[in-house]
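Dumped upload-v1.txt below, it's compact mmCIF, C-alpha atoms:
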```txt
# COMPACT_ATOMS: atom_id res chain seq x y z
CA MET A 149 14.41 16.16 -6.60
CA HIS A 150 17.50 18.24 -6.02
CA GLU A 151 19.72 16.64 -3.39
CA HIS A 152 16.77 15.07 -1.55
CA ALA A 153 16.50 11.33 -1.00
CA GLY A 154 13.27 9.61 -1.76
CA TYR A 155 10.56 12.23 -1.27
CA VAL A 156 11.32 15.76 -2.46
CA GLU A 157 10.67 14.64 -5.99
CA LEU A 158 7.12 13.87 -4.87
CA TYR A 159 6.35 17.53 -4.55
CA ALA A 160 8.73 19.05 -7.07
CA LEU A 161 8.45 15.90 -9.23
CA GLU A 162 11.80 16.67 -10.75
CA ASP A 163 15.45 15.83 -10.30
CA GLN A 164 17.75 18.70 -11.18
CA ARG A 165 20.22 16.31 -12.76
CA LEU A 166 17.37 15.47 -15.16
CA THR A 167 15.46 18.74 -15.60
CA SER A 168 17.31 21.57 -13.78
CA GLN A 169 14.19 22.90 -12.00
CA PRO A 170 14.90 24.99 -8.86
CA LEU A 171 13.08 24.53 -5.56
CA VAL A 172 11.60 27.29 -3.42
CA LYS A 173 12.99 27.23 0.13
CA ARG A 174 11.46 28.59 3.34
CA SER A 175 12.93 28.71 6.82
CA PHE A 176 11.24 28.38 10.20
CA SER A 177 12.86 29.18 13.54
CA GLY A 178 12.38 27.31 16.76
CA VAL A 179 11.29 28.58 20.16
CA LYS A 180 12.64 27.57 23.55
CA PHE A 181 10.36 25.33 25.62
CA GLU A 182 11.09 25.67 29.31
CA ASN A 183 11.26 22.75 31.74
CA MET A 184 10.87 20.11 29.04
CA THR A 185 12.94 17.23 30.36
CA ILE A 186 12.79 13.79 28.80
CA SER A 187 12.44 10.86 31.15
CA LEU A 188 11.85 8.24 28.46
CA VAL A 189 12.19 8.20 24.66
CA SER A 190 10.06 5.74 22.70
CA VAL A 191 11.68 4.63 19.43
CA ILE A 192 9.02 3.30 17.04
CA ILE A 193 9.95 1.00 14.15
CA PRO A 194 7.22 -0.09 11.72
CA VAL A 195 8.01 -3.38 9.99
CA HIS A 196 6.56 -5.80 7.46
CA ASN A 197 8.68 -8.86 6.68
CA GLY A 198 11.80 -6.90 7.54
CA ARG A 199 14.30 -9.60 8.38
CA PRO A 200 17.30 -9.49 8.30
CA HIS A 201 17.46 -5.70 7.94
CA LEU A 202 15.63 -5.21 11.24
CA ASP A 203 18.54 -6.84 13.06
CA VAL A 204 20.92 -4.24 11.59
CA GLN A 205 18.71 -1.42 12.85
CA LEU A 206 18.35 -2.92 16.33
CA ASP A 207 22.13 -3.35 16.58
CA ALA A 208 22.52 0.30 15.57
CA LEU A 209 20.14 1.34 18.34
CA ALA A 210 22.12 -0.79 20.78
CA ALA A 211 25.20 1.26 19.84
CA GLN A 212 23.62 4.63 20.71
CA ASP A 213 25.69 6.98 22.87
CA TYR A 214 22.50 8.40 24.43
CA SER A 215 22.80 8.52 28.22
CA GLY A 216 19.06 8.64 28.95
CA GLU A 217 16.41 5.95 29.02
CA PHE A 218 14.77 4.72 25.84
CA GLU A 219 12.58 1.85 24.74
CA VAL A 220 12.16 0.34 21.28
CA ILE A 221 8.77 -0.67 19.90
CA VAL A 222 8.63 -2.89 16.81
CA SER A 223 5.19 -2.32 15.28
CA ASP A 224 4.50 -5.34 13.10
CA ASN A 225 2.26 -4.70 10.08
CA GLY A 226 1.45 -8.37 9.43
CA SER A 227 4.87 -9.97 8.97
CA THR A 228 5.00 -13.62 7.95
CA ASP A 229 8.78 -14.04 8.16
CA GLY A 230 9.00 -14.90 11.84
CA THR A 231 9.70 -11.36 13.04
CA ARG A 232 7.96 -11.82 16.40
CA GLU A 233 9.65 -15.13 17.12
CA SER A 234 13.03 -13.71 16.19
CA LEU A 235 12.63 -10.80 18.59
CA SER A 236 11.77 -13.14 21.46
CA HIS A 237 15.32 -14.52 21.30
CA LYS A 238 17.07 -11.15 21.40
CA ALA A 239 18.37 -9.28 24.43
CA TYR A 240 19.41 -5.63 24.46
CA ALA A 241 20.22 -3.08 27.11
CA PHE A 242 17.01 -1.23 26.20
CA PRO A 243 13.46 -2.59 26.62
CA LEU A 244 12.28 -4.12 23.32
CA ARG A 245 8.57 -4.67 22.69
CA TRP A 246 6.61 -6.14 19.79
CA VAL A 247 3.13 -4.80 19.06
CA ASP A 248 0.57 -6.14 16.60
CA ALA A 249 -0.23 -3.61 13.84
CA SER A 250 -1.69 -6.08 11.35
CA ALA A 251 -5.28 -4.76 11.35
CA THR A 252 -4.71 -2.24 8.54
CA ARG A 253 -2.13 -2.30 5.75
CA GLY A 254 0.46 0.47 5.67
CA VAL A 255 3.28 2.19 7.51
CA SER A 256 0.94 4.90 8.83
CA HIS A 257 -1.16 2.37 10.73
CA ALA A 258 1.98 0.68 12.08
CA ARG A 259 3.32 4.02 13.31
CA ASN A 260 -0.01 4.90 14.89
CA VAL A 261 -0.18 1.58 16.75
CA GLY A 262 3.39 2.16 17.91
CA ILE A 263 2.46 5.64 19.13
CA ASP A 264 -0.46 4.20 21.11
CA GLY A 265 1.82 1.61 22.69
CA ALA A 266 4.63 4.03 23.52
CA ARG A 267 5.31 4.90 27.15
CA GLY A 268 7.59 7.86 26.51
CA GLU A 269 6.69 11.52 26.16
CA PHE A 270 9.16 11.95 23.29
CA LEU A 271 8.58 9.74 20.23
CA ALA A 272 11.32 8.97 17.69
CA LEU A 273 10.49 7.26 14.40
CA THR A 274 12.83 5.31 12.18
CA ASP A 275 12.48 2.45 9.68
CA HIS A 276 13.39 -1.20 9.99
CA ASP A 277 15.60 -1.34 6.89
CA ASP A 278 17.79 1.66 7.74
CA ALA A 279 20.41 2.18 10.47
CA VAL A 280 20.69 5.10 12.87
CA HIS A 281 24.13 6.58 13.54
CA PRO A 282 25.49 6.32 17.12
CA CYS A 283 24.67 9.91 18.11
CA TRP A 284 21.16 9.88 16.63
CA LEU A 285 19.13 9.94 19.84
CA THR A 286 21.53 12.28 21.59
CA ALA A 287 21.21 14.82 18.78
CA LEU A 288 17.43 14.55 18.50
CA THR A 289 16.80 14.91 22.22
CA ARG A 290 19.24 17.81 22.54
CA GLU A 291 17.36 19.82 19.94
CA ALA A 292 13.92 18.74 21.17
CA GLU A 293 13.87 21.50 23.77
CA ASN A 294 13.72 24.04 20.94
CA PHE A 295 10.94 22.54 18.80
CA ASP A 296 7.70 20.61 18.92
CA ALA A 297 9.05 18.19 16.30
CA VAL A 298 12.42 17.59 14.67
CA GLY A 299 13.86 15.73 11.71
CA GLY A 300 17.41 14.75 10.91
CA SER A 301 19.63 14.09 7.92
CA ILE A 302 20.22 10.93 5.93
CA GLU A 303 23.16 9.42 4.09
CA VAL A 304 23.26 6.71 1.42
CA HIS A 305 26.79 5.31 1.54
CA THR A 306 26.80 3.03 4.61
CA LEU A 307 24.12 0.54 3.53
CA ASN A 308 24.38 0.68 -0.26
CA SER A 309 26.92 -0.30 -2.89
CA SER A 310 28.79 2.51 -4.62
CA THR A 311 26.60 1.95 -7.70
CA VAL A 312 23.25 1.99 -5.89
CA ALA A 313 24.29 5.00 -3.79
CA LEU A 314 24.19 7.04 -7.01
CA TRP A 315 20.48 6.26 -7.39
CA ARG A 316 19.62 8.97 -4.86
CA THR A 317 21.12 12.31 -3.97
CA VAL A 318 20.68 13.66 -0.47
CA PRO A 319 20.88 17.13 1.05
CA ARG A 320 23.98 18.14 2.90
CA PRO A 321 23.51 17.49 6.64
CA GLU A 322 22.84 21.16 7.39
CA GLN A 323 20.05 21.28 4.79
CA ARG A 324 16.52 20.31 5.69
CA PHE A 325 14.04 18.63 3.35
CA GLU A 326 12.21 21.30 1.38
CA SER A 327 9.20 21.33 -0.92
CA PHE A 328 7.39 24.01 -2.89
CA TYR A 329 4.98 24.40 0.07
CA LEU A 330 6.44 23.69 3.53
CA PRO A 331 9.52 21.87 4.89
CA TRP A 332 9.14 18.30 6.04
CA ALA A 333 10.94 15.56 7.98
CA HIS A 334 11.85 12.20 6.47
CA GLY A 335 9.77 9.41 8.01
CA ASN A 336 12.83 7.34 8.92
CA ASN A 337 14.26 10.24 10.96
CA PHE A 338 11.36 12.05 12.61
CA ALA A 339 10.75 12.79 16.29
CA PHE A 340 8.20 14.79 18.26
CA TRP A 341 6.69 15.36 21.67
CA ARG A 342 3.47 13.53 22.51
CA ARG A 343 1.73 16.92 22.62
CA VAL A 344 2.06 16.95 18.82
CA VAL A 345 -0.09 13.83 18.56
CA ASP A 346 -2.58 15.28 21.05
CA ARG A 347 -2.98 18.35 18.85
CA VAL A 348 -2.40 17.14 15.29
CA GLY A 349 -3.66 13.56 15.49
CA TYR A 350 -2.34 10.40 13.93
CA PHE A 351 -0.59 9.68 10.64
CA ASP A 352 -3.06 9.49 7.75
CA GLU A 353 -3.76 5.79 7.18
CA LYS A 354 -5.32 6.52 3.79
CA LEU A 355 -1.87 7.38 2.44
CA VAL A 356 -0.45 3.97 1.55
CA GLY A 357 2.82 3.88 -0.36
CA GLY A 358 4.39 7.18 0.69
CA GLY A 359 3.74 10.81 1.49
CA GLU A 360 2.50 10.24 5.03
CA ASP A 361 5.60 11.88 6.53
CA VAL A 362 5.23 14.95 4.31
CA ASP A 363 1.56 15.18 5.22
CA TYR A 364 2.28 14.93 8.95
CA SER A 365 5.08 17.50 8.76
CA TRP A 366 2.79 19.95 6.99
CA ARG A 367 -0.04 19.36 9.47
CA ILE A 368 2.31 20.11 12.37
CA GLN A 369 3.22 23.48 10.87
CA GLN A 370 -0.36 24.26 9.85
CA ALA A 371 -1.33 23.75 13.50
CA GLY A 372 1.11 26.49 14.50
CA MET A 373 3.71 24.09 15.90
CA THR A 374 7.41 24.11 15.06
CA LEU A 375 9.46 21.66 13.01
CA GLY A 376 13.25 21.81 13.39
CA HIS A 377 16.15 20.18 11.59
CA VAL A 378 19.04 18.42 13.39
CA PRO A 379 22.07 18.00 11.08
CA ASP A 380 23.95 15.56 13.31
CA ALA A 381 20.97 13.23 13.84
CA VAL A 382 21.94 10.97 10.94
CA VAL A 383 20.26 7.85 9.58
CA ALA A 384 21.81 5.56 6.97
CA TYR A 385 19.16 5.12 4.27
CA ARG A 386 18.81 1.85 2.36
CA ILE A 387 17.92 2.38 -1.32
CA ARG A 388 15.83 -0.13 -3.28
CA PRO A 389 18.55 -2.16 -5.03
CA SER A 390 16.78 -3.15 -8.28
CA LEU A 391 15.34 -1.20 -11.20
CA ARG A 392 11.93 -2.82 -10.74
CA ALA A 393 11.78 -1.91 -7.05
CA SER A 394 13.05 1.61 -7.72
CA PHE A 395 10.36 2.15 -10.38
CA ARG A 396 7.64 0.71 -8.13
CA GLN A 397 8.64 2.94 -5.22
CA GLY A 398 8.67 5.98 -7.49
CA ARG A 399 5.24 5.08 -8.88
CA ASN A 400 3.78 4.86 -5.38
CA TYR A 401 5.39 8.14 -4.34
CA GLY A 402 4.13 9.94 -7.44
CA ALA A 403 0.56 8.79 -6.84
CA THR A 404 0.48 9.70 -3.15
CA ALA A 405 2.13 13.07 -3.86
CA CYS A 406 -0.97 14.03 -5.83
CA LEU A 407 -3.18 12.98 -2.93
CA VAL A 408 -1.14 14.96 -0.42
CA THR A 409 -1.06 18.16 -2.46
CA ARG A 410 -4.79 17.94 -3.15
CA LYS A 411 -5.48 17.32 0.53
CA HIS A 412 -3.58 20.48 1.50
CA SER A 413 -4.75 22.70 -1.35
CA ALA A 414 -7.41 24.38 0.79
CA LEU A 415 -4.63 25.61 3.10
CA GLY A 416 -2.47 27.14 0.38
CA CYS A 417 -0.63 24.19 -1.18
CA SER A 418 -0.41 24.44 -4.96
CA ASP A 419 -2.55 21.82 -6.70
CA PRO A 420 -2.41 22.48 -10.46
CA SER A 421 -5.25 21.30 -12.67
CA PRO A 422 -4.87 17.69 -13.85
CA LEU A 423 -5.63 18.95 -17.37
CA LEU A 424 -2.39 20.94 -17.22
CA GLN A 425 -0.30 18.35 -15.42
CA ILE A 426 -1.22 15.26 -17.44
CA PRO A 427 0.42 16.51 -20.68
CA ALA A 428 3.46 17.59 -18.66
CA HIS A 429 3.85 14.11 -17.16
CA ILE A 430 3.49 12.47 -20.59
CA ALA A 431 6.06 14.82 -22.10
CA THR A 432 8.49 14.22 -19.22
CA ILE A 433 8.19 10.44 -19.49
CA ALA A 434 8.84 10.70 -23.23
CA TYR A 435 11.85 12.95 -22.57
CA LEU A 436 13.25 10.53 -20.01
CA ALA A 437 12.70 7.57 -22.32
CA THR A 438 14.58 9.23 -25.17
CA VAL A 439 16.92 12.14 -24.42
CA ARG A 440 17.75 10.99 -20.89
CA ASN A 441 17.71 7.25 -21.46
CA PRO A 442 20.51 5.74 -19.29
CA TRP A 443 21.31 3.10 -21.92
CA PHE A 444 22.44 5.77 -24.36
CA PRO A 445 26.21 6.22 -24.88
CA ARG A 446 28.09 7.37 -21.80
CA TRP A 447 29.38 10.49 -23.55
CA LEU A 448 25.79 11.81 -23.45
CA ASN A 449 26.07 11.76 -19.63
CA PRO A 450 22.91 9.75 -18.93
CA PRO A 451 21.58 9.52 -15.35
CA PRO A 452 22.19 6.43 -13.20
CA THR A 453 19.78 3.65 -14.12
CA GLY A 454 18.09 3.41 -10.71
CA LEU A 455 17.57 7.17 -10.49
CA TRP A 456 16.09 7.11 -14.00
CA ALA A 457 13.70 4.26 -13.14
CA HIS A 458 12.62 5.99 -9.94
CA THR A 459 11.93 9.28 -11.74
CA VAL A 460 9.99 7.60 -14.54
CA GLY A 461 7.98 5.86 -11.83
CA LEU A 462 7.24 9.18 -10.12
CA HIS A 463 5.78 10.69 -13.25
CA TYR A 464 3.92 7.51 -14.18
CA GLY A 465 2.37 7.32 -10.69
CA ALA A 466 1.41 10.99 -10.77
CA LEU A 467 0.01 10.61 -14.28
CA THR A 468 -2.23 7.69 -13.34
CA MET A 469 -3.49 9.44 -10.19
CA ARG A 470 -4.28 12.66 -12.04
CA LEU A 471 -6.17 10.63 -14.65
CA ARG A 472 -8.25 9.31 -11.76
CA PHE A 473 -8.96 12.87 -10.66
CA ILE A 474 -10.65 13.66 -13.97
CA ASP A 475 -12.50 10.34 -14.27
CA PRO A 476 -16.07 10.98 -12.98
CA ARG A 477 -16.37 7.35 -11.90
CA ARG A 478 -13.32 7.67 -9.63
CA SER A 479 -13.47 11.31 -8.63
CA ARG A 480 -14.60 10.72 -5.05
CA ILE A 481 -11.13 10.18 -3.61
CA ASP A 482 -11.07 10.69 0.16
CA THR A 483 -8.07 12.80 1.11
CA SER A 484 -9.16 13.69 4.63
CA SER A 485 -6.63 13.63 7.48
CA GLY A 486 -5.94 10.73 9.78
CA SER A 487 -8.05 10.08 12.84
CA ALA A 488 -7.61 12.35 15.82
CA ALA A 489 -5.63 10.99 18.69
CA SER A 490 -7.75 9.72 21.54
```

Serialized structure, structure tokens:
Amino acid sequence: MHEHAGYVELYALEDQRLTSQPLVKRSFSGVKFENMTISLVSVIIPVHNGRPHLDVQLDALAAQDYSGEFEVIVSDNGSTDGTRESLSHKAYAFPLRWVDASATRGVSHARNVGIDGARGEFLALTDHDDAVHPCWLTALTREAENFDAVGGSIEVHTLNSSTVALWRTVPRPEQRFESFYLPWAHGNNFAFWRRVVDRVGYFDEKLVGGGEDVDYSWRIQQAGMTLGHVPDAVVAYRIRPSLRASFRQGRNYGATACLVTRKHSALGCSDPSPLLQIPAHIATIAYLATVRNPWFPRWLNPPPTGLWAHTVGLHYGALTMRLRFIDPRRSRIDTSSGSAAS
């Protein structure tokens, strides 16, 4: 992960502050779509037990400088913290709707239910525990006339302490999220026209724990559609604030990264043999536990503890998934795409 928050390390599985591995970058240009006016934007927020962070995000949406019409859909993936009741007492200038997405676990299902319930022709996705900057919708909709789908930038200083902010590095605003295969848009800052869903389908509900945004971004480009980057569409990203949570998130991301790369291998994505990757993951975990251990003396310049825990989790998650790939009893892992939009 070089200067990429949360996900790039899924597909490079490295942080340059830890291993100094370069990333391959590719660029894609947009095309002008004529007569594409937006009458209504649907902002979709998946949530599971998201209070009180959801309130921060809704207040941020209320502060948007966007002059057009937009609605907000809270897609509830089985919350038990009173999310629905809390929303019933809130009043905003924009229409706010709650939809039940409890049938299937995972953010992909919640996003898909939100997409089905959306009334707008332009769909903007963000997460309940983050906070969009005031010009977010204005920037996304401005650039939407040039692309089928767009993603924005993220920053880690608004919602995190100065210590926790060091647990991720993010690209500069003008830099998009890159991988060794195709660019992608971060799931908390991702927008597209409804025609994308009509052509590409839904988010893959089999990807639980991460990677669904990378998968969807790649599928958009594989379908011959365009994915743009909007530097001034900024979302404040909330980092997991404990070592345990950081490790757990990394573990989930590492496992789903293996599923995503295997899923796309038939279309040119590199999917190295597990027999080659398993020793590499073991060696990296050993290296991180010894040479790069953050509890070593400060003069050895160890990485921040949360970044270290997250990276160990990435390799541990990838290791366990690749062990599954070579286990005959567990080799039938379904990595097919999400259901087609109806």

Do you have, as a Markdown table, the list of residues of range 348-398 of chain A lying at most 12 Å from range 199-208 of chain A, each with its nearest atom pair and that distance in Å to one decimal, counting all atoms listed in the file and ordered by chain then number?
```
| residue | atom | partner | partner_atom | distance |
| --- | --- | --- | --- | --- |
| A:Val382 | CA | A:Ala208 | CA | 11.6 |
| A:Val383 | CA | A:Ala208 | CA | 9.9 |
| A:Ala384 | CA | A:Gln205 | CA | 9.6 |
| A:Tyr385 | CA | A:Gln205 | CA | 10.8 |
| A:Arg386 | CA | A:His201 | CA | 9.5 |
```

Write out the residues from the selection above, keeping C-alpha atoms, as a CSV table (one decimal), in the frame of the given file.
```
chain,number,residue,atom,x,y,z
A,382,VAL,CA,21.9,11.0,10.9
A,383,VAL,CA,20.3,7.8,9.6
A,384,ALA,CA,21.8,5.6,7.0
A,385,TYR,CA,19.2,5.1,4.3
A,386,ARG,CA,18.8,1.8,2.4
```

Edge lengths and centre in Å to one decimal, as lines of an AutoDock Vina configuration file, of the axis-aligned box that encloses all listed atoms of range 455-465 of chain A with 8 Å added on every side?
```
center_x = 10.0
center_y = 7.5
center_z = -12.2
size_x = 31.2
size_y = 22.4
size_z = 20.6
```

Open item on the list: Which residue is closest to Ala297 in chain A? Choose from A:Thr274, A:Ser365, A:Asn260, A:Gln323 and count all atoms listed in the file.
Closed with: A:Ser365

TODO: Give me the residues within 9 Å of Ser394 in chain A as JSON, numbers by chain, counting all atoms listed in the file and dropping any in the same chain fewer than 4 places off.
DONE: {"A": [315, 387, 388, 389, 390, 398, 399, 454, 455, 456, 457, 458, 459, 461]}

Open item on the list: Counting all atoms listed in the file, which residues have an atom no more than 10 Å from (5.2, -3.3, 12.9) in the file's coordinates? Please list them as a PyMOL selection string.
Closed with: chain A and resi 192-198+221-227+231-232+246-250+254-255+257-262+275-276

- [ ] Tell me, in Å to one decimal, how far CA of Ser421 in chain A is from CA of Phe328 in chain A.
- [x]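 Taking CA of Ser421 in chain A as the start and CA of Phe328 in chain A as the end point, the length is 16.2 Å.
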
TODO: Give the answer as one residue: which of A:Asp419, A:Ala431, A:His412, A:Leu407 has the shortest atom-to-atom distance to Met469 in chain A, using all atoms listed in the file?
DONE: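 Smallest separation from Met469 in chain A among the options: A:Leu407.
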
Open item on the list: Could you list, as a list in words, every residue within 8 Å of Thr468 in chain A, counting all atoms listed in the file and ignoring same-chain residues fewer than 4 positions away?
Closed with: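 Counting all atoms listed in the file, the residues come to Ala403, Tyr464 and Arg472 of chain A.
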
TODO: Do a neighbour search on range 374-380 of chain A at 12 Å with all atoms listed in the file, toss out local chain neighbours closer than 4 positions, and write the hits as an MDAnalysis selection string.
DONE: chainID A and resid 175:181 280:303 319:326 330:334 337:341 343:344 362 364:370

Task: Between CA of Pro451 in chain A and CA of Gln397 in chain A, distance in Å (one decimal) - done: 17.7 Å

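Take CA of Leu244 in chain A and CA of Val220 in chain A: the distance between them is 4.9 Å.
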
- [ ] Quick one: everything within 8 Å of range 215-217 of chain A, counting only C-alpha atoms, minus sequence neighbours fewer than 5 positions away in the same chain. Send it as a ChimeraX atom specification.
- [x] /A:187-189,242,286

Quick one: range 397-419 of chain A with N, CA, C and O atoms, as a PDB file, in the coordinates of the input?
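What ended up in selection28.pdb:
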```pdb
ATOM      1  N   GLN A 397       8.645   1.957  -6.300  1.00  0.00           N
ATOM      2  CA  GLN A 397       8.640   2.940  -5.220  1.00  0.00           C
ATOM      3  C   GLN A 397       8.320   4.328  -5.764  1.00  0.00           C
ATOM      4  O   GLN A 397       7.517   5.069  -5.187  1.00  0.00           O
ATOM      5  N   GLY A 398       8.960   4.690  -6.875  1.00  0.00           N
ATOM      6  CA  GLY A 398       8.670   5.980  -7.490  1.00  0.00           C
ATOM      7  C   GLY A 398       7.218   6.109  -7.903  1.00  0.00           C
ATOM      8  O   GLY A 398       6.590   7.152  -7.702  1.00  0.00           O
ATOM      9  N   ARG A 399       6.656   5.058  -8.479  1.00  0.00           N
ATOM     10  CA  ARG A 399       5.240   5.080  -8.880  1.00  0.00           C
ATOM     11  C   ARG A 399       4.330   5.332  -7.682  1.00  0.00           C
ATOM     12  O   ARG A 399       3.402   6.141  -7.754  1.00  0.00           O
ATOM     13  N   ASN A 400       4.593   4.654  -6.585  1.00  0.00           N
ATOM     14  CA  ASN A 400       3.780   4.860  -5.380  1.00  0.00           C
ATOM     15  C   ASN A 400       3.923   6.280  -4.857  1.00  0.00           C
ATOM     16  O   ASN A 400       2.938   6.919  -4.461  1.00  0.00           O
ATOM     17  N   TYR A 401       5.158   6.778  -4.832  1.00  0.00           N
ATOM     18  CA  TYR A 401       5.390   8.140  -4.340  1.00  0.00           C
ATOM     19  C   TYR A 401       4.691   9.178  -5.229  1.00  0.00           C
ATOM     20  O   TYR A 401       4.114  10.150  -4.733  1.00  0.00           O
ATOM     21  N   GLY A 402       4.765   8.988  -6.546  1.00  0.00           N
ATOM     22  CA  GLY A 402       4.130   9.940  -7.440  1.00  0.00           C
ATOM     23  C   GLY A 402       2.625   9.996  -7.245  1.00  0.00           C
ATOM     24  O   GLY A 402       2.021  11.077  -7.273  1.00  0.00           O
ATOM     25  N   ALA A 403       2.007   8.835  -7.052  1.00  0.00           N
ATOM     26  CA  ALA A 403       0.560   8.790  -6.840  1.00  0.00           C
ATOM     27  C   ALA A 403       0.162   9.455  -5.534  1.00  0.00           C
ATOM     28  O   ALA A 403      -0.769  10.272  -5.494  1.00  0.00           O
ATOM     29  N   THR A 404       0.873   9.128  -4.442  1.00  0.00           N
ATOM     30  CA  THR A 404       0.480   9.700  -3.150  1.00  0.00           C
ATOM     31  C   THR A 404       0.832  11.186  -3.071  1.00  0.00           C
ATOM     32  O   THR A 404       0.173  11.935  -2.337  1.00  0.00           O
ATOM     33  N   ALA A 405       1.827  11.641  -3.832  1.00  0.00           N
ATOM     34  CA  ALA A 405       2.130  13.070  -3.860  1.00  0.00           C
ATOM     35  C   ALA A 405       0.922  13.864  -4.332  1.00  0.00           C
ATOM     36  O   ALA A 405       0.609  14.938  -3.812  1.00  0.00           O
ATOM     37  N   CYS A 406       0.229  13.342  -5.335  1.00  0.00           N
ATOM     38  CA  CYS A 406      -0.970  14.030  -5.830  1.00  0.00           C
ATOM     39  C   CYS A 406      -2.053  14.077  -4.762  1.00  0.00           C
ATOM     40  O   CYS A 406      -2.755  15.087  -4.624  1.00  0.00           O
ATOM     41  N   LEU A 407      -2.191  12.992  -4.001  1.00  0.00           N
ATOM     42  CA  LEU A 407      -3.180  12.980  -2.930  1.00  0.00           C
ATOM     43  C   LEU A 407      -2.834  13.983  -1.839  1.00  0.00           C
ATOM     44  O   LEU A 407      -3.710  14.694  -1.327  1.00  0.00           O
ATOM     45  N   VAL A 408      -1.546  14.049  -1.485  1.00  0.00           N
ATOM     46  CA  VAL A 408      -1.140  14.960  -0.420  1.00  0.00           C
ATOM     47  C   VAL A 408      -1.328  16.410  -0.836  1.00  0.00           C
ATOM     48  O   VAL A 408      -1.855  17.230  -0.064  1.00  0.00           O
ATOM     49  N   THR A 409      -0.913  16.766  -2.038  1.00  0.00           N
ATOM     50  CA  THR A 409      -1.060  18.160  -2.460  1.00  0.00           C
ATOM     51  C   THR A 409      -2.527  18.536  -2.596  1.00  0.00           C
ATOM     52  O   THR A 409      -2.921  19.652  -2.238  1.00  0.00           O
ATOM     53  N   ARG A 410      -3.356  17.636  -3.071  1.00  0.00           N
ATOM     54  CA  ARG A 410      -4.790  17.940  -3.150  1.00  0.00           C
ATOM     55  C   ARG A 410      -5.386  18.082  -1.754  1.00  0.00           C
ATOM     56  O   ARG A 410      -6.223  18.977  -1.504  1.00  0.00           O
ATOM     57  N   LYS A 411      -4.979  17.247  -0.850  1.00  0.00           N
ATOM     58  CA  LYS A 411      -5.480  17.320   0.530  1.00  0.00           C
ATOM     59  C   LYS A 411      -5.188  18.677   1.149  1.00  0.00           C
ATOM     60  O   LYS A 411      -6.009  19.227   1.893  1.00  0.00           O
ATOM     61  N   HIS A 412      -4.009  19.236   0.860  1.00  0.00           N
ATOM     62  CA  HIS A 412      -3.580  20.480   1.500  1.00  0.00           C
ATOM     63  C   HIS A 412      -3.858  21.720   0.655  1.00  0.00           C
ATOM     64  O   HIS A 412      -3.474  22.823   1.051  1.00  0.00           O
ATOM     65  N   SER A 413      -4.523  21.557  -0.471  1.00  0.00           N
ATOM     66  CA  SER A 413      -4.750  22.700  -1.350  1.00  0.00           C
ATOM     67  C   SER A 413      -5.612  23.775  -0.714  1.00  0.00           C
ATOM     68  O   SER A 413      -5.426  24.971  -0.971  1.00  0.00           O
ATOM     69  N   ALA A 414      -6.541  23.389   0.147  1.00  0.00           N
ATOM     70  CA  ALA A 414      -7.410  24.380   0.790  1.00  0.00           C
ATOM     71  C   ALA A 414      -6.649  25.272   1.758  1.00  0.00           C
ATOM     72  O   ALA A 414      -7.143  26.342   2.139  1.00  0.00           O
ATOM     73  N   LEU A 415      -5.446  24.844   2.149  1.00  0.00           N
ATOM     74  CA  LEU A 415      -4.630  25.610   3.100  1.00  0.00           C
ATOM     75  C   LEU A 415      -3.431  26.257   2.409  1.00  0.00           C
ATOM     76  O   LEU A 415      -2.467  26.633   3.071  1.00  0.00           O
ATOM     77  N   GLY A 416      -3.493  26.377   1.085  1.00  0.00           N
ATOM     78  CA  GLY A 416      -2.470  27.140   0.380  1.00  0.00           C
ATOM     79  C   GLY A 416      -1.478  26.342  -0.431  1.00  0.00           C
ATOM     80  O   GLY A 416      -0.625  26.923  -1.105  1.00  0.00           O
ATOM     81  N   CYS A 417      -1.546  25.007  -0.394  1.00  0.00           N
ATOM     82  CA  CYS A 417      -0.630  24.190  -1.180  1.00  0.00           C
ATOM     83  C   CYS A 417      -1.051  24.216  -2.646  1.00  0.00           C
ATOM     84  O   CYS A 417      -2.233  24.049  -2.963  1.00  0.00           O
ATOM     85  N   SER A 418      -0.114  24.419  -3.536  1.00  0.00           N
ATOM     86  CA  SER A 418      -0.410  24.440  -4.960  1.00  0.00           C
ATOM     87  C   SER A 418      -0.893  23.077  -5.435  1.00  0.00           C
ATOM     88  O   SER A 418      -0.278  22.049  -5.137  1.00  0.00           O
ATOM     89  N   ASP A 419      -1.999  23.052  -6.146  1.00  0.00           N
ATOM     90  CA  ASP A 419      -2.550  21.820  -6.700  1.00  0.00           C
ATOM     91  C   ASP A 419      -3.011  22.107  -8.129  1.00  0.00           C
ATOM     92  O   ASP A 419      -4.190  22.343  -8.383  1.00  0.00           O
TER      93      ASP A 419
END
```
